[in-house]
>>> print(open('model-v3.cif').read())   # mmCIF, C-alpha atoms
data_protein
#
loop_
_atom_site.group_PDB
_atom_site.id
_atom_site.type_symbol
_atom_site.label_atom_id
_atom_site.label_comp_id
_atom_site.auth_asym_id
_atom_site.auth_seq_id
_atom_site.Cartn_x
_atom_site.Cartn_y
_atom_site.Cartn_z
ATOM 1 C CA MET A 474 0.000 0.000 0.000
ATOM 2 C CA VAL A 475 1.392 3.361 -0.958
ATOM 3 C CA LYS A 476 1.342 5.554 2.125
ATOM 4 C CA SER A 477 3.255 8.611 0.947
ATOM 5 C CA PHE A 478 4.877 10.216 -2.043
ATOM 6 C CA THR A 479 8.283 11.716 -1.266
ATOM 7 C CA ALA A 480 10.747 13.656 -3.358
ATOM 8 C CA MET A 481 14.547 14.026 -3.375
ATOM 9 C CA GLN A 482 16.242 17.351 -3.913
ATOM 10 C CA HIS A 483 19.955 16.615 -4.138
ATOM 11 C CA LEU A 484 20.306 14.649 -0.857
ATOM 12 C CA ASP A 485 17.499 16.380 1.097
ATOM 13 C CA ARG A 486 14.237 14.459 1.243
ATOM 14 C CA PHE A 487 10.917 16.114 1.930
ATOM 15 C CA ARG A 488 7.209 15.627 1.277
ATOM 16 C CA LEU A 489 5.828 16.667 -2.102
ATOM 17 C CA ASP A 490 3.241 19.014 -0.573
ATOM 18 C CA ASP A 491 6.007 20.820 1.370
ATOM 19 C CA MET A 492 8.067 21.639 -1.703
ATOM 20 C CA ASN A 493 8.893 25.200 -2.638
ATOM 21 C CA LEU A 494 10.059 24.750 -6.210
ATOM 22 C CA LYS A 495 12.163 27.401 -7.887
ATOM 23 C CA PRO A 496 11.811 27.974 -11.652
ATOM 24 C CA GLY A 497 14.785 26.830 -13.710
ATOM 25 C CA ARG A 498 16.314 24.686 -10.951
ATOM 26 C CA PRO A 499 16.497 20.946 -11.771
ATOM 27 C CA TYR A 500 14.855 18.440 -9.447
ATOM 28 C CA THR A 501 14.735 14.661 -9.338
ATOM 29 C CA TYR A 502 11.858 12.663 -7.882
ATOM 30 C CA MET A 503 11.354 9.226 -6.451
ATOM 31 C CA VAL A 504 8.427 7.258 -5.045
ATOM 32 C CA ARG A 505 8.718 5.722 -1.586
ATOM 33 C CA THR A 506 6.300 2.918 -0.776
ATOM 34 C CA ILE A 507 5.525 2.281 2.894
ATOM 35 C CA ALA A 508 3.818 -1.009 3.711
ATOM 36 C CA THR A 509 1.346 -1.452 6.538
ATOM 37 C CA ASP A 510 4.022 -3.274 8.591
ATOM 38 C CA GLY A 511 6.415 -0.318 8.286
ATOM 39 C CA ARG A 512 8.684 -1.676 5.584
ATOM 40 C CA GLN A 513 9.851 0.843 2.996
ATOM 41 C CA ALA A 514 10.947 0.552 -0.594
ATOM 42 C CA ASP A 515 12.295 3.362 -2.751
ATOM 43 C CA GLY A 516 11.734 3.485 -6.465
ATOM 44 C CA ALA A 517 14.200 4.687 -9.074
ATOM 45 C CA GLU A 518 14.956 8.366 -9.305
ATOM 46 C CA SER A 519 13.514 10.269 -12.216
ATOM 47 C CA VAL A 520 15.586 12.216 -14.688
ATOM 48 C CA PRO A 521 16.210 15.825 -13.608
ATOM 49 C CA VAL A 522 13.432 18.208 -14.565
ATOM 50 C CA ALA A 523 13.218 21.977 -14.091
ATOM 51 C CA PRO A 524 9.908 23.754 -13.464
ATOM 52 C CA SER A 525 9.002 26.825 -15.513
ATOM 53 C CA ARG A 526 6.478 29.591 -14.942
ATOM 54 C CA GLN A 527 3.203 29.543 -16.893
ATOM 55 C CA TRP A 528 0.598 32.221 -17.523
ATOM 56 C CA PHE A 529 -2.051 29.841 -16.283
ATOM 57 C CA PHE A 530 -2.480 26.200 -15.287
ATOM 58 C CA THR A 531 -2.409 24.492 -18.685
ATOM 59 C CA ASN A 532 -4.383 21.504 -17.404
ATOM 60 C CA LYS A 533 -7.300 23.946 -17.144
ATOM 61 C CA LEU A 534 -7.162 24.888 -20.828
ATOM 62 C CA ASN A 535 -10.615 23.405 -21.323
ATOM 63 C CA THR A 536 -11.975 25.757 -18.647
ATOM 64 C CA LEU A 537 -10.405 28.738 -20.415
ATOM 65 C CA VAL A 538 -11.885 27.723 -23.783
ATOM 66 C CA THR A 539 -15.393 27.168 -22.385
ATOM 67 C CA THR A 540 -15.239 30.484 -20.499
ATOM 68 C CA VAL A 541 -14.315 32.326 -23.690
ATOM 69 C CA ILE A 542 -17.158 30.611 -25.561
ATOM 70 C CA PHE A 543 -19.624 31.501 -22.797
ATOM 71 C CA VAL A 544 -18.621 35.175 -22.706
ATOM 72 C CA ALA A 545 -18.698 35.350 -26.512
ATOM 73 C CA CYS A 546 -22.231 33.919 -26.603
ATOM 74 C CA ILE A 547 -23.492 36.395 -24.000
ATOM 75 C CA LEU A 548 -21.883 39.466 -25.574
ATOM 76 C CA GLY A 549 -22.850 38.409 -29.088
ATOM 77 C CA TYR A 550 -26.541 38.018 -28.297
ATOM 78 C CA ILE A 551 -26.630 41.223 -26.253
ATOM 79 C CA ARG A 552 -25.248 43.064 -29.281
ATOM 80 C CA LEU A 553 -27.868 41.472 -31.544
ATOM 81 C CA ALA A 554 -30.647 42.431 -29.129
ATOM 82 C CA ARG A 555 -29.459 46.026 -28.924
ATOM 83 C CA ARG A 556 -29.434 46.221 -32.717
ATOM 84 C CA GLY A 557 -33.129 45.443 -32.697
ATOM 85 C CA LYS A 558 -33.054 41.776 -33.722
ATOM 86 C CA HIS A 559 -36.067 39.826 -32.446
ATOM 87 C CA LEU A 560 -34.968 37.168 -29.957
ATOM 88 C CA PHE A 561 -37.512 34.443 -29.315
ATOM 89 C CA ILE A 562 -38.141 33.211 -25.774
ATOM 90 C CA ARG A 563 -40.630 30.403 -25.412
ATOM 91 C CA ARG A 564 -43.973 31.243 -23.912
ATOM 92 C CA ILE A 565 -44.205 30.901 -20.119
ATOM 93 C CA ALA A 566 -47.838 30.612 -19.081
ATOM 94 C CA GLY A 567 -47.316 31.826 -15.523
ATOM 95 C CA LEU A 568 -45.685 35.043 -16.695
ATOM 96 C CA ASP A 569 -48.333 35.667 -19.330
ATOM 97 C CA ALA A 570 -50.946 35.357 -16.579
ATOM 98 C CA ILE A 571 -49.426 38.258 -14.614
ATOM 99 C CA ASP A 572 -51.051 40.782 -16.955
ATOM 100 C CA GLU A 573 -54.384 39.024 -16.556
ATOM 101 C CA ALA A 574 -54.040 38.995 -12.764
ATOM 102 C CA ILE A 575 -53.147 42.698 -12.592
ATOM 103 C CA GLY A 576 -56.021 43.565 -14.923
ATOM 104 C CA ARG A 577 -58.431 41.618 -12.752
ATOM 105 C CA CYS A 578 -57.273 43.473 -9.644
ATOM 106 C CA THR A 579 -57.761 46.794 -11.426
ATOM 107 C CA GLU A 580 -61.292 45.903 -12.540
ATOM 108 C CA MET A 581 -62.271 44.708 -9.071
ATOM 109 C CA GLY A 582 -60.636 47.638 -7.296
ATOM 110 C CA ARG A 583 -58.519 45.301 -5.200
ATOM 111 C CA PRO A 584 -54.768 45.434 -4.507
ATOM 112 C CA THR A 585 -52.131 43.010 -5.830
ATOM 113 C CA LEU A 586 -50.169 41.274 -3.075
ATOM 114 C CA TYR A 587 -46.529 40.671 -4.007
ATOM 115 C CA ILE A 588 -44.330 38.551 -1.733
ATOM 116 C CA PRO A 589 -40.609 38.604 -2.735
ATOM 117 C CA GLY A 590 -39.830 35.430 -0.804
ATOM 118 C CA ILE A 591 -38.590 35.234 2.777
ATOM 119 C CA SER A 592 -34.863 34.868 2.138
ATOM 120 C CA THR A 593 -32.076 37.446 2.280
ATOM 121 C CA ILE A 594 -30.852 39.800 -0.421
ATOM 122 C CA SER A 595 -27.879 37.484 -1.067
ATOM 123 C CA ASP A 596 -30.178 34.745 -2.362
ATOM 124 C CA VAL A 597 -30.285 34.517 -6.172
ATOM 125 C CA ALA A 598 -34.037 33.838 -6.097
ATOM 126 C CA THR A 599 -34.590 37.045 -4.109
ATOM 127 C CA ILE A 600 -32.603 39.091 -6.624
ATOM 128 C CA ALA A 601 -34.625 37.558 -9.470
ATOM 129 C CA SER A 602 -37.836 38.383 -7.601
ATOM 130 C CA LEU A 603 -36.779 42.014 -7.163
ATOM 131 C CA ASN A 604 -36.170 42.264 -10.913
ATOM 132 C CA ILE A 605 -39.685 40.970 -11.547
ATOM 133 C CA LEU A 606 -41.116 43.312 -8.915
ATOM 134 C CA GLY A 607 -39.889 46.319 -10.870
ATOM 135 C CA GLN A 608 -41.737 45.217 -14.018
ATOM 136 C CA VAL A 609 -44.902 44.223 -12.133
ATOM 137 C CA ALA A 610 -45.001 47.474 -10.142
ATOM 138 C CA LYS A 611 -44.621 49.486 -13.355
ATOM 139 C CA LYS A 612 -47.631 47.735 -14.921
ATOM 140 C CA ILE A 613 -49.689 48.259 -11.769
ATOM 141 C CA ALA A 614 -48.709 51.938 -11.685
ATOM 142 C CA THR A 615 -49.731 52.290 -15.332
ATOM 143 C CA TYR A 616 -53.158 50.881 -14.493
ATOM 144 C CA GLN A 617 -53.272 53.249 -11.487
ATOM 145 C CA ALA A 618 -53.872 50.292 -9.213
ATOM 146 C CA ARG A 619 -52.440 49.352 -5.823
ATOM 147 C CA ILE A 620 -49.629 46.945 -4.883
ATOM 148 C CA MET A 621 -48.818 45.612 -1.415
ATOM 149 C CA VAL A 622 -45.351 44.233 -0.625
ATOM 150 C CA PRO A 623 -44.871 42.803 2.903
ATOM 151 C CA ASN A 624 -41.214 42.056 3.679
ATOM 152 C CA ARG A 625 -39.583 39.629 6.046
ATOM 153 C CA ASP A 626 -35.928 40.607 5.602
ATOM 154 C CA PRO A 627 -34.887 44.081 6.847
ATOM 155 C CA ILE A 628 -32.366 44.454 3.994
ATOM 156 C CA VAL A 629 -34.818 43.449 1.277
ATOM 157 C CA TYR A 630 -37.357 45.934 2.672
ATOM 158 C CA PRO A 631 -35.637 49.201 1.593
ATOM 159 C CA ALA A 632 -34.786 47.596 -1.759
ATOM 160 C CA THR A 633 -38.456 46.865 -2.477
ATOM 161 C CA GLN A 634 -39.392 50.379 -1.364
ATOM 162 C CA ASP A 635 -37.006 51.945 -3.860
ATOM 163 C CA ILE A 636 -38.039 49.587 -6.670
ATOM 164 C CA VAL A 637 -41.783 50.213 -6.273
ATOM 165 C CA LYS A 638 -41.362 53.969 -5.854
ATOM 166 C CA GLU A 639 -39.158 54.184 -8.948
ATOM 167 C CA ALA A 640 -41.691 52.130 -10.929
ATOM 168 C CA PHE A 641 -44.480 54.573 -10.101
ATOM 169 C CA VAL A 642 -42.261 57.503 -11.049
ATOM 170 C CA GLU A 643 -41.303 55.921 -14.388
ATOM 171 C CA ALA A 644 -44.957 55.174 -15.123
ATOM 172 C CA GLY A 645 -45.790 58.848 -14.592
ATOM 173 C CA TYR A 646 -47.910 58.424 -11.442
ATOM 174 C CA PRO A 647 -45.596 59.182 -8.502
ATOM 175 C CA HIS A 648 -48.521 60.561 -6.475
ATOM 176 C CA ASN A 649 -50.163 57.097 -6.495
ATOM 177 C CA TYR A 650 -47.257 55.518 -4.616
ATOM 178 C CA ARG A 651 -48.249 54.590 -1.065
ATOM 179 C CA ALA A 652 -45.252 54.113 1.237
ATOM 180 C CA GLU A 653 -47.393 52.261 3.790
ATOM 181 C CA ASP A 654 -48.129 49.490 1.250
ATOM 182 C CA VAL A 655 -44.451 48.458 1.117
ATOM 183 C CA TYR A 656 -43.621 47.576 4.681
ATOM 184 C CA PHE A 657 -41.547 45.387 6.998
ATOM 185 C CA VAL A 658 -43.434 42.762 9.024
ATOM 186 C CA THR A 659 -41.068 40.650 11.124
ATOM 187 C CA ASN A 660 -37.958 38.545 10.752
ATOM 188 C CA ASP A 661 -39.619 35.483 12.291
ATOM 189 C CA GLN A 662 -40.715 32.969 9.645
ATOM 190 C CA PHE A 663 -44.107 31.842 10.909
ATOM 191 C CA SER A 664 -44.997 35.167 12.498
ATOM 192 C CA TYR A 665 -44.479 36.665 9.055
ATOM 193 C CA ALA A 666 -46.665 33.977 7.469
ATOM 194 C CA ALA A 667 -49.429 34.610 10.025
ATOM 195 C CA ALA A 668 -49.312 38.372 9.475
ATOM 196 C CA VAL A 669 -49.461 38.018 5.669
ATOM 197 C CA CYS A 670 -52.373 35.582 5.936
ATOM 198 C CA GLY A 671 -54.187 38.150 8.077
ATOM 199 C CA THR A 672 -53.536 40.787 5.413
ATOM 200 C CA MET A 673 -55.019 38.493 2.767
ATOM 201 C CA VAL A 674 -58.187 37.963 4.790
ATOM 202 C CA ARG A 675 -58.631 41.678 5.553
ATOM 203 C CA GLU A 676 -57.593 43.283 2.256
ATOM 204 C CA LYS A 677 -58.934 40.562 -0.086
ATOM 205 C CA PRO A 678 -56.281 41.046 -2.824
ATOM 206 C CA GLY A 679 -57.364 40.057 -6.309
ATOM 207 C CA ALA A 680 -54.005 38.434 -7.067
ATOM 208 C CA ASN A 681 -51.199 36.959 -4.980
ATOM 209 C CA LEU A 682 -47.710 36.765 -6.489
ATOM 210 C CA PHE A 683 -45.326 34.490 -4.571
ATOM 211 C CA LEU A 684 -41.968 34.920 -6.310
ATOM 212 C CA GLY A 685 -38.666 34.162 -4.603
ATOM 213 C CA MET A 686 -37.337 31.705 -2.035
ATOM 214 C CA PHE A 687 -39.857 29.982 0.227
ATOM 215 C CA TYR A 688 -39.690 27.351 2.914
ATOM 216 C CA ALA A 689 -42.230 25.608 5.175
ATOM 217 C CA GLU A 690 -44.650 28.568 5.118
ATOM 218 C CA SER A 691 -45.359 28.189 1.395
ATOM 219 C CA LEU A 692 -48.460 26.021 1.771
ATOM 220 C CA ILE A 693 -49.841 28.229 4.576
ATOM 221 C CA LEU A 694 -49.663 31.296 2.335
ATOM 222 C CA ALA A 695 -50.938 29.539 -0.776
ATOM 223 C CA GLU A 696 -53.902 27.873 0.957
ATOM 224 C CA THR A 697 -54.978 31.143 2.578
ATOM 225 C CA GLY A 698 -54.797 32.887 -0.785
ATOM 226 C CA ALA A 699 -56.841 30.144 -2.413
ATOM 227 C CA SER A 700 -59.515 30.462 0.308
ATOM 228 C CA ILE A 701 -60.185 34.122 -0.576
ATOM 229 C CA GLY A 702 -60.468 33.372 -4.290
ATOM 230 C CA ALA A 703 -57.388 35.277 -5.476
ATOM 231 C CA ILE A 704 -55.494 34.446 -8.662
ATOM 232 C CA GLN A 705 -52.218 33.004 -7.447
ATOM 233 C CA ILE A 706 -48.945 32.891 -9.377
ATOM 234 C CA ALA A 707 -45.963 31.331 -7.636
ATOM 235 C CA GLY A 708 -42.357 30.969 -8.669
ATOM 236 C CA THR A 709 -39.363 29.534 -6.838
ATOM 237 C CA ASP A 710 -36.243 27.448 -7.312
ATOM 238 C CA ALA A 711 -36.840 25.624 -4.020
ATOM 239 C CA ILE A 712 -37.591 22.133 -5.304
ATOM 240 C CA SER A 713 -39.067 20.995 -1.990
ATOM 241 C CA GLN A 714 -41.749 23.732 -2.108
ATOM 242 C CA LEU A 715 -42.788 23.392 -5.749
ATOM 243 C CA PRO A 716 -45.349 20.602 -5.091
ATOM 244 C CA PHE A 717 -47.250 22.842 -2.665
ATOM 245 C CA PHE A 718 -47.343 25.756 -5.076
ATOM 246 C CA VAL A 719 -48.390 23.516 -7.960
ATOM 247 C CA THR A 720 -51.265 22.189 -5.843
ATOM 248 C CA ALA A 721 -52.558 25.454 -4.375
ATOM 249 C CA CYS A 722 -51.746 28.059 -7.051
ATOM 250 C CA ASP A 723 -53.161 28.731 -10.493
ATOM 251 C CA TYR A 724 -49.759 29.063 -12.179
ATOM 252 C CA THR A 725 -46.299 27.981 -11.065
ATOM 253 C CA ILE A 726 -43.012 29.274 -12.457
ATOM 254 C CA ILE A 727 -40.465 26.506 -12.014
ATOM 255 C CA GLY A 728 -36.738 26.839 -11.439
ATOM 256 C CA GLU A 729 -34.860 28.688 -14.170
ATOM 257 C CA GLU A 730 -38.042 30.280 -15.474
ATOM 258 C CA LEU A 731 -37.870 32.554 -12.427
ATOM 259 C CA TYR A 732 -34.501 33.908 -13.564
ATOM 260 C CA ALA A 733 -35.750 34.511 -17.111
ATOM 261 C CA ALA A 734 -38.948 36.205 -15.931
ATOM 262 C CA SER A 735 -37.634 39.779 -15.769
ATOM 263 C CA ALA A 736 -36.291 39.532 -19.331
ATOM 264 C CA TYR A 737 -39.531 37.899 -20.494
ATOM 265 C CA ILE A 738 -41.731 40.617 -18.992
ATOM 266 C CA GLY A 739 -39.631 43.717 -19.602
ATOM 267 C CA ARG A 740 -38.065 42.693 -22.955
ATOM 268 C CA ASP A 741 -34.904 44.567 -22.006
ATOM 269 C CA PRO A 742 -32.244 43.957 -24.729
ATOM 270 C CA THR A 743 -29.438 43.293 -22.238
ATOM 271 C CA LEU A 744 -31.467 40.753 -20.272
ATOM 272 C CA LEU A 745 -32.830 39.118 -23.432
ATOM 273 C CA GLY A 746 -29.345 38.826 -24.876
ATOM 274 C CA SER A 747 -28.073 37.261 -21.651
ATOM 275 C CA ILE A 748 -30.846 34.648 -21.661
ATOM 276 C CA LYS A 749 -30.315 33.747 -25.314
ATOM 277 C CA GLY A 750 -26.544 33.660 -24.835
ATOM 278 C CA GLN A 751 -26.916 31.177 -21.990
ATOM 279 C CA ASP A 752 -29.188 29.030 -24.148
ATOM 280 C CA ALA A 753 -26.635 29.102 -26.974
ATOM 281 C CA TYR A 754 -23.873 28.077 -24.568
ATOM 282 C CA LYS A 755 -25.983 25.195 -23.317
ATOM 283 C CA LEU A 756 -26.376 23.990 -26.895
ATOM 284 C CA VAL A 757 -22.601 24.130 -27.327
ATOM 285 C CA CYS A 758 -22.132 22.077 -24.140
ATOM 286 C CA ILE A 759 -24.702 19.512 -25.305
ATOM 287 C CA ALA A 760 -22.942 19.240 -28.670
ATOM 288 C CA LEU A 761 -19.565 18.707 -26.967
ATOM 289 C CA ILE A 762 -21.035 16.053 -24.661
ATOM 290 C CA ILE A 763 -22.502 14.199 -27.643
ATOM 291 C CA LEU A 764 -19.174 14.467 -29.483
ATOM 292 C CA GLY A 765 -17.337 13.125 -26.441
ATOM 293 C CA VAL A 766 -19.734 10.202 -26.030
ATOM 294 C CA LEU A 767 -19.464 9.291 -29.711
ATOM 295 C CA SER A 768 -15.676 9.574 -29.622
ATOM 296 C CA MET A 769 -15.425 7.416 -26.507
ATOM 297 C CA THR A 770 -17.789 4.893 -28.035
ATOM 298 C CA ALA A 771 -15.644 4.741 -31.179
ATOM 299 C CA GLY A 772 -12.540 4.161 -29.060
ATOM 300 C CA VAL A 773 -10.885 7.358 -30.216
ATOM 301 C CA LEU A 774 -10.992 9.499 -27.087
ATOM 302 C CA VAL A 775 -8.129 8.874 -24.680
ATOM 303 C CA ARG A 776 -7.287 10.266 -21.299
ATOM 304 C CA GLY A 777 -4.601 12.917 -21.081
ATOM 305 C CA GLU A 778 -4.130 16.608 -21.432
ATOM 306 C CA PRO A 779 -7.113 18.646 -22.689
ATOM 307 C CA PHE A 780 -7.633 18.265 -26.436
ATOM 308 C CA ASP A 781 -4.923 15.575 -26.757
ATOM 309 C CA TRP A 782 -7.560 13.481 -28.505
ATOM 310 C CA ILE A 783 -7.870 15.901 -31.469
ATOM 311 C CA PRO A 784 -4.586 14.842 -33.147
ATOM 312 C CA GLN A 785 -5.534 11.213 -32.589
ATOM 313 C CA ILE A 786 -8.851 11.735 -34.366
ATOM 314 C CA LEU A 787 -7.007 13.358 -37.253
ATOM 315 C CA ARG A 788 -4.555 10.444 -37.440
ATOM 316 C CA VAL A 789 -7.399 7.930 -37.470
ATOM 317 C CA ARG A 790 -9.158 9.839 -40.245
ATOM 318 C CA GLY A 791 -5.910 10.085 -42.202
ATOM 319 C CA ALA A 792 -5.295 6.361 -41.900
ATOM 320 C CA GLY A 793 -8.825 5.597 -42.996
ATOM 321 C CA GLY A 794 -8.802 8.056 -45.888
#
>>> encode(input="model-v3.cif", output="structure tokens")
Amino acid sequence: MVKSFTAMQHLDRFRLDDMNLKPGRPYTYMVRTIATDGRQADGAESVPVAPSRQWFFTNKLNTLVTTVIFVACILGYIRLARRGKHLFIRRIAGLDAIDEAIGRCTEMGRPTLYIPGISTISDVATIASLNILGQVAKKIATYQARIMVPNRDPIVYPATQDIVKEAFVEAGYPHNYRAEDVYFVTNDQFSYAAAVCGTMVREKPGANLFLGMFYAESLILAETGASIGAIQIAGTDAISQLPFFVTACDYTIIGEELYAASAYIGRDPTLLGSIKGQDAYKLVCIALIILGVLSMTAGVLVRGEPFDWIPQILRVRGAGG
């Protein structure tokens, strides 16, 4: 059993992970095998080799190439979007229903209740929800309707205040903004859920939008909203909570759809280009995976440095042609 790998520098022996190699200085290496009974056996020394400095770790060349491809896809599609090219994003029923829900609230004279999740501002789902909130608040302001945003996190609270206020200003109705409708409730999970359920029962919102990160309170909120007859649209990347939202809500935005929602609603060229660039990169990754599987199946792909298999494929083709 190999217990350790040691190295020899001139006549000084030390562990490989303790080495402080100097570029240009030759080193020789040897393997020492230590058996379970304590016996040792040294292998032959290697030929002298000298380390040299590199711009980057060449074994990570594949990471560099894929990063360049990813950035190129994103920037390329953003440029196309800014030039006015139409970029197709598949229809997402839950997002299309937001307009219907807001219109229903306006016709009934009831507010729209928007819950940006109960997580912190560092959560990706919360950031995605805040992006959607800006677009939703702008539509509600245009219809001169009312939006209520109860917050659990004290850091998310001022962010939602600024987003909703800015949306009303951009829509041209700053006087319709009500600061008391965007408020902080409590940092306690179930106290927050109880307070929001009480708001639903008292205010009777025409639509409930649950978009962000949710935990055990998801079913409590969704069932209360269903009991008052509100249109409910939920979206989260919390897999454990999706079954509850699917059961109790009219529409559910699942996983990555939440991240694409702000681009889908607002049609901002930068966001659209980012979404399409990510899709293009995924297609490239799928193509490379298929190529790798086919190459491995054909016995061409070998283990080694990144892209070592390309010359071998060329040699095989040359021999066959």
>>> resolve_selection(input="model-v3.cif", expression="the PyMOL selection byres ((chain A and resi 708-712) around 7)", output="VMD selection string")
chain A and resid 598 683 to 687 706 to 707 713 to 715 725 to 728 731
>>> resolve_selection(input="model-v3.cif", expression="the PyMOL selection byres ((chain A and resi 672) around 12)", output="PyMOL selection string")
chain A and resi 584-588+621-623+654+658+665-671+673-678+681+694+697-698+701
>>> resolve_selection(input="model-v3.cif", expression="the PyMOL selection byres ((chain A and resi 519) around 6)", output="list in words")
Thr501, Tyr502, Glu518 and Val520 of chain A
>>> axis_aligned_box(input="model-v3.cif", around="range 650-669 of chain A", padding_each_side="4 Å", output="lines of an AutoDock Vina configuration file")
center_x = -43.7
center_y = 43.7
center_z = 3.9
size_x = 19.5
size_y = 31.7
size_z = 25.1
>>> atom_distance(input="model-v3.cif", atom1="CA of Val544 in chain A", atom2="CA of Pro742 in chain A")
16.3 Å
>>> atom_distance(input="model-v3.cif", atom1="CA of Ile594 in chain A", atom2="CA of Ile628 in chain A")
6.6 Å
>>> residues_around(input="model-v3.cif", residues="Asn649 in chain A", least_positions_apart="3", cutoff="10 Å", atoms="all atoms listed in the file", output="VMD selection string")
chain A and resid 614 617 to 619 638 641 to 642 645 to 646 652
>>> atom_distance(input="model-v3.cif", atom1="CA of Asn660 in chain A", atom2="CA of Ile591 in chain A")
8.7 Å
>>> residues_around(input="model-v3.cif", residues="range 604-609 of chain A", least_positions_apart="4", cutoff="8 Å", atoms="only C-alpha atoms", output="MDAnalysis selection string")
chainID A and resid 571 587 589 600 613 633 636:637 640 734:735 738:739
>>> closest_residue(input="model-v3.cif", among="A:Asp741, A:Met581, A:Asp723, A:Glu729", to="Ala566 in chain A", atoms="all atoms listed in the file")
A:Asp723
>>> closest_residue(input="model-v3.cif", among="A:Gln705, A:Asn624, A:Thr743, A:Ser700", to="Thr659 in chain A", atoms="all atoms listed in the file")
A:Asn624
>>> closest_residue(input="model-v3.cif", among="A:Gly590, A:Ser595, A:Gln634, A:Ala760", to="Ala689 in chain A", atoms="all atoms listed in the file")
A:Gly590
>>> closest_residue(input="model-v3.cif", among="A:Met769, A:Ala753, A:Ala733, A:Met503", to="Phe543 in chain A", atoms="all atoms listed in the file")
A:Ala753
>>> residues_around(input="model-v3.cif", residues="Leu692 in chain A", least_positions_apart="3", cutoff="8 Å", atoms="all atoms listed in the file", output="list in words")
Ala689, Ala695, Glu696, Phe717, Phe718 and Ala721 of chain A
>>> closest_residue(input="model-v3.cif", among="A:Tyr500, A:Asp510, A:Val629, A:Leu745", to="Ser525 in chain A", atoms="all atoms listed in the file")
A:Tyr500
>>> closest_residue(input="model-v3.cif", among="A:Asp635, A:Ile547, A:Cys722, A:Ala508", to="Lys755 in chain A", atoms="all atoms listed in the file")
A:Ile547
>>> residues_around(input="model-v3.cif", residues="Arg526 in chain A", least_positions_apart="2", cutoff="8 Å", atoms="all atoms listed in the file", output="ChimeraX atom specification")
/A:496,524,528
>>> residues_around(input="model-v3.cif", residues="Ser592 in chain A", least_positions_apart="4", cutoff="7 Å", atoms="all atoms listed in the file", output="PyMOL selection string")
chain A and resi 596+599+626+686
>>> build_atoms(input="model-v3.cif", residues="range 494-508 of chain A", atoms="N, CA and C atoms", output="PDB file, in the coordinates of the input")
ATOM      1  N   LEU A 494       9.250  24.875  -5.005  1.00  0.00           N
ATOM      2  CA  LEU A 494      10.059  24.750  -6.210  1.00  0.00           C
ATOM      3  C   LEU A 494      10.451  26.112  -6.747  1.00  0.00           C
ATOM      4  N   LYS A 495      11.652  26.176  -7.291  1.00  0.00           N
ATOM      5  CA  LYS A 495      12.163  27.401  -7.887  1.00  0.00           C
ATOM      6  C   LYS A 495      12.297  27.212  -9.391  1.00  0.00           C
ATOM      7  N   PRO A 496      11.745  28.113 -10.187  1.00  0.00           N
ATOM      8  CA  PRO A 496      11.811  27.974 -11.652  1.00  0.00           C
ATOM      9  C   PRO A 496      13.249  27.899 -12.151  1.00  0.00           C
ATOM     10  N   GLY A 497      13.478  26.980 -13.092  1.00  0.00           N
ATOM     11  CA  GLY A 497      14.785  26.830 -13.710  1.00  0.00           C
ATOM     12  C   GLY A 497      15.741  25.939 -12.949  1.00  0.00           C
ATOM     13  N   ARG A 498      15.429  25.541 -11.734  1.00  0.00           N
ATOM     14  CA  ARG A 498      16.314  24.686 -10.951  1.00  0.00           C
ATOM     15  C   ARG A 498      15.912  23.233 -11.139  1.00  0.00           C
ATOM     16  N   PRO A 499      16.862  22.353 -11.506  1.00  0.00           N
ATOM     17  CA  PRO A 499      16.497  20.946 -11.771  1.00  0.00           C
ATOM     18  C   PRO A 499      16.200  20.184 -10.478  1.00  0.00           C
ATOM     19  N   TYR A 500      15.249  19.292 -10.575  1.00  0.00           N
ATOM     20  CA  TYR A 500      14.855  18.440  -9.447  1.00  0.00           C
ATOM     21  C   TYR A 500      14.728  17.005  -9.941  1.00  0.00           C
ATOM     22  N   THR A 501      15.005  16.069  -9.057  1.00  0.00           N
ATOM     23  CA  THR A 501      14.735  14.661  -9.338  1.00  0.00           C
ATOM     24  C   THR A 501      13.729  14.161  -8.323  1.00  0.00           C
ATOM     25  N   TYR A 502      12.950  13.168  -8.719  1.00  0.00           N
ATOM     26  CA  TYR A 502      11.858  12.663  -7.882  1.00  0.00           C
ATOM     27  C   TYR A 502      11.942  11.152  -7.751  1.00  0.00           C
ATOM     28  N   MET A 503      11.434  10.664  -6.660  1.00  0.00           N
ATOM     29  CA  MET A 503      11.354   9.226  -6.451  1.00  0.00           C
ATOM     30  C   MET A 503      10.105   8.921  -5.628  1.00  0.00           C
ATOM     31  N   VAL A 504       9.601   7.718  -5.783  1.00  0.00           N
ATOM     32  CA  VAL A 504       8.427   7.258  -5.045  1.00  0.00           C
ATOM     33  C   VAL A 504       8.875   6.328  -3.931  1.00  0.00           C
ATOM     34  N   ARG A 505       8.437   6.599  -2.726  1.00  0.00           N
ATOM     35  CA  ARG A 505       8.718   5.722  -1.586  1.00  0.00           C
ATOM     36  C   ARG A 505       7.428   5.019  -1.189  1.00  0.00           C
ATOM     37  N   THR A 506       7.457   3.727  -1.169  1.00  0.00           N
ATOM     38  CA  THR A 506       6.300   2.918  -0.776  1.00  0.00           C
ATOM     39  C   THR A 506       6.478   2.455   0.660  1.00  0.00           C
ATOM     40  N   ILE A 507       5.485   2.690   1.492  1.00  0.00           N
ATOM     41  CA  ILE A 507       5.525   2.281   2.894  1.00  0.00           C
ATOM     42  C   ILE A 507       4.419   1.259   3.113  1.00  0.00           C
ATOM     43  N   ALA A 508       4.788   0.060   3.481  1.00  0.00           N
ATOM     44  CA  ALA A 508       3.818  -1.009   3.711  1.00  0.00           C
ATOM     45  C   ALA A 508       3.155  -0.825   5.066  1.00  0.00           C
TER      46      ALA A 508
END
